[in-house]
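S.K.: Sharing a structure below in C-alpha cells format, with a few things to ask.
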Amino acid sequence: MKTSTWIGGFLGWIILGPIGGIIGAVVGSQLGSDDGEGSSSRLFSSDSGHTAEGNRNSFLMSMLLLASYIIKADGRIMHSEMELVRQWLRQNFGEVAAQQGDQILRRLFEASKQQGEHLYRKNIQDACLQMSMNMEYSERLQLLSFLVMIAQADGLLDATEVNALKEIAAWMQMPESEIDSMLNLQKDDLESAYKVLGVTPEATDDELRRAYRRLALEHHPDRVAALGDDVRRAAEKKFQEINAAKERIWKARGL
C-alpha cells in the first residue's frame, strides 16, 4: 500500500455538499506531497461514486474534520491529541500520511479561526448532517468512537469536550446516550457496565438482554469491515469492551 493511499485515492460522497466545501476551501484540489514514487496525491477527483475506496477515504477525511472540532473544544490544541491522530495514520499508512493528516488539521484550525466560532460550528453541524445521510449507523458509531479516543488522549476530559462530543452525536442524528456509553467502556465497575448498556441497575433481565442485543448488532465489527482492516480492528476492541461490561452485569445477576 502506498503511504498516501488514504488520501491519494478518490473521495466518495464528501466531494459534494458541506464537507466538500470545507475541505476544498481549506486544502484545495491538490495536497502537495510525495508518495515515494514521485507523484503528488490528488485530494479530489471527478469520480464521486459510492465505492469502497471512496467511502473509506470519505470516512477518514470526515474523522479529520470532526477531530479539528473536538481537539479545539476546550480552547487548547494538545500535543497528545494531535499525536494520537498522527500515530494512527502513521501505523496504518506511513509517515507521509501522518504528515498529510497533521497538515490538514492545522489548516482546519486556521479556517476555524478565520471563520469565527459561530460560523465554523454551523459548518461542522451541516457536515454532520451530510454524514448522517451517507454513513450507516454503525459507521457513525465508529467515527464517534475515534473522536472519544482523541478527546481522552490527554487524560483530561472536561465538560466542554463532552458537550462537543454530544453535539456531534446529535448533529449526526444519534442519541447523546451513545457518548455516555462510550465514555464508560474502559471502566471495570458495575455501575459503568450498566451505563455502557444504556440501562439503569433497575432494568429487568429482559430489558438488559434487549439492550445488549441492540449494542451487539450496532457495534459488530463486520458492519464496518468495508472501511478497512484498521477500522475493523478498532471496532473489535470496542466490541470486546461491550462484552466485558455485559459479562460483569450477567455475573452480578447470576445470569
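The chains in the C-alpha cells are called A, B, ... from first to last as shown; in each chain the residues are counted from 1, and the ligands are counted from 1 in the order shown.
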Excluding Val85 in chain A and any residue of its chain fewer than 5 positions from it, enumerate the residues within 8 Å of it, using only C-alpha atoms, and give them as a CSV table (one decimal) with N, CA and C atoms, in the first residue's frame.
M.R.:
chain,number,residue,atom,x,y,z
A,98,ALA,N,0.8,10.5,7.8
A,98,ALA,CA,0.7,11.2,9.1
A,98,ALA,C,1.0,12.7,8.9
A,101,GLY,N,-2.1,14.3,7.3
A,101,GLY,CA,-3.2,14.5,8.3
A,101,GLY,C,-2.9,15.6,9.2
A,102,ASP,N,-1.7,15.8,9.6
A,102,ASP,CA,-1.3,16.9,10.5
A,102,ASP,C,-1.5,18.2,9.8
A,150,ILE,N,-9.8,10.5,20.8
A,150,ILE,CA,-9.0,11.7,20.7
A,150,ILE,C,-9.2,12.6,21.9
S.K.: Between CA of Leu227 in chain A and CA of Tyr69 in chain A, what distance in Å does the model show, to one decimal?
M.R.: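 Computed distance, CA of Leu227 in chain A to CA of Tyr69 in chain A, equals 22.3 Å.
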S.K.: Please return, as a PyMOL selection string, all residues of range 63-246 of chain A that DSSP assigns to alpha helix (DSSP H) on the basis of the backbone.
M.R.: chain A and resi 63-71+79-93+95-115+117-134+137-152+159-171+177-183+190-197+205-219+229-246
S.K.: Enter the distance from CA of Asp154 in chain A to CA of Asp180 in chain A, in Å, rounded to one decimal.
M.R.: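 Result for CA of Asp154 in chain A versus CA of Asp180 in chain A: 18.6 Å, one decimal.
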S.K.: Output as CSV one row per residue of range 98-193 of chain A within 12 Å of range 213-218 of chain A: the closest atom pair and its distance in Å to one decimal place, counting only C-alpha atoms, sorted by chain and residue number ascending.
M.R.:
residue,atom,partner,partner_atom,distance
A:Glu136,CA,A:Glu218,CA,9.8
A:Tyr137,CA,A:Glu218,CA,7.3
A:Ser138,CA,A:Glu218,CA,5.4
A:Glu139,CA,A:Glu218,CA,9.1
A:Arg140,CA,A:Glu218,CA,10.1
A:Leu141,CA,A:Glu218,CA,8.0
A:Gln142,CA,A:Glu218,CA,9.9
A:Ser177,CA,A:Leu215,CA,12.0
A:Glu178,CA,A:Leu215,CA,9.9
A:Ser181,CA,A:Leu215,CA,10.0
A:Met182,CA,A:Leu215,CA,11.2
S.K.: Save out the residues we just selected, C-alpha atoms, as a JSON list (two decimals), in the first residue's frame.
M.R.:
[["chain", "number", "residue", "atom", "x", "y", "z"],
["A", 136, "GLU", "CA", -24.57, 3.71, 8.01],
["A", 137, "TYR", "CA", -25.35, 4.00, 11.73],
["A", 138, "SER", "CA", -22.54, 1.58, 12.65],
["A", 139, "GLU", "CA", -20.05, 3.66, 10.65],
["A", 140, "ARG", "CA", -21.13, 6.80, 12.51],
["A", 141, "LEU", "CA", -20.72, 4.91, 15.78],
["A", 142, "GLN", "CA", -17.13, 4.07, 14.86],
["A", 177, "SER", "CA", -26.51, 8.34, 25.21],
["A", 178, "GLU", "CA", -24.08, 6.82, 22.69],
["A", 181, "SER", "CA", -21.91, 4.54, 26.76],
["A", 182, "MET", "CA", -18.51, 5.01, 25.09]]
S.K.: As an exercise, work out the distance from CA of Ala67 in chain A to CA of Val196 in chain A in Å and give it to one decimal place.
M.R.: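 We find that CA of Ala67 in chain A and CA of Val196 in chain A lie 23.0 Å from each other.
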S.K.: Counting only C-alpha atoms, which of A:Ile242, A:Leu108, A:Ile23, A:Leu143 gets nearest to Gln186 in chain A?
M.R.: A:Ile242
S.K.: I'd like the neighbourhood of Arg106 in chain A as a PyMOL selection string, where a residue qualifies if any of its atoms comes within 10 Å (using only C-alpha atoms), though same-chain residues fewer than 5 positions away should be ignored.
M.R.: chain A and resi 26+68+77+82+100-101+111-112
S.K.: Could you save those same residues with C-alpha atoms as a PDB file, in the first residue's frame?
M.R.:
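Result went into part10.pdb, see below:
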ATOM      1  CA  VAL A  26      -9.003  24.543   3.251  1.00  0.00           C
ATOM      2  CA  SER A  68     -10.464  19.522  14.441  1.00  0.00           C
ATOM      3  CA  ILE A  77      -4.573  22.213  20.910  1.00  0.00           C
ATOM      4  CA  MET A  82      -2.654  15.615  17.719  1.00  0.00           C
ATOM      5  CA  GLN A 100      -0.664  14.995   5.467  1.00  0.00           C
ATOM      6  CA  GLY A 101      -3.163  14.479   8.281  1.00  0.00           C
ATOM      7  CA  ALA A 111     -10.034  28.054   8.955  1.00  0.00           C
ATOM      8  CA  SER A 112     -11.969  27.922  12.222  1.00  0.00           C
TER       9      SER A 112
END
S.K.: Smallest atom-to-atom distance to Arg121 in chain A: which of A:Met133, A:Ile168, A:Leu157, A:Leu147, using only C-alpha atoms?
M.R.: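 Of A:Met133, A:Ile168, A:Leu157, A:Leu147, the one nearest Arg121 in chain A is A:Ile168, counting only C-alpha atoms.
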S.K.: Nearest to Gln152 in chain A: which of A:Ala211, A:Leu197, A:Ile70, A:Met172 is it, counting only C-alpha atoms?
M.R.: A:Ile70
S.K.: Using only C-alpha atoms, determine which residues lie at most 7 Å from Ser132 in chain A, disregarding the query and same-chain residues fewer than 3 positions distant; provide the list as a ChimeraX atom specification.
M.R.: /A:128-129,135,172-173
S.K.: For Ile179 in chain A, please output as a VMD selection string all residues within 12 Å (counting only C-alpha atoms; exclusion window: fewer than 4 positions along the same chain).
M.R.: chain A and resid 140 to 149 151 161 to 170 174 to 175 183 to 185 195 to 198
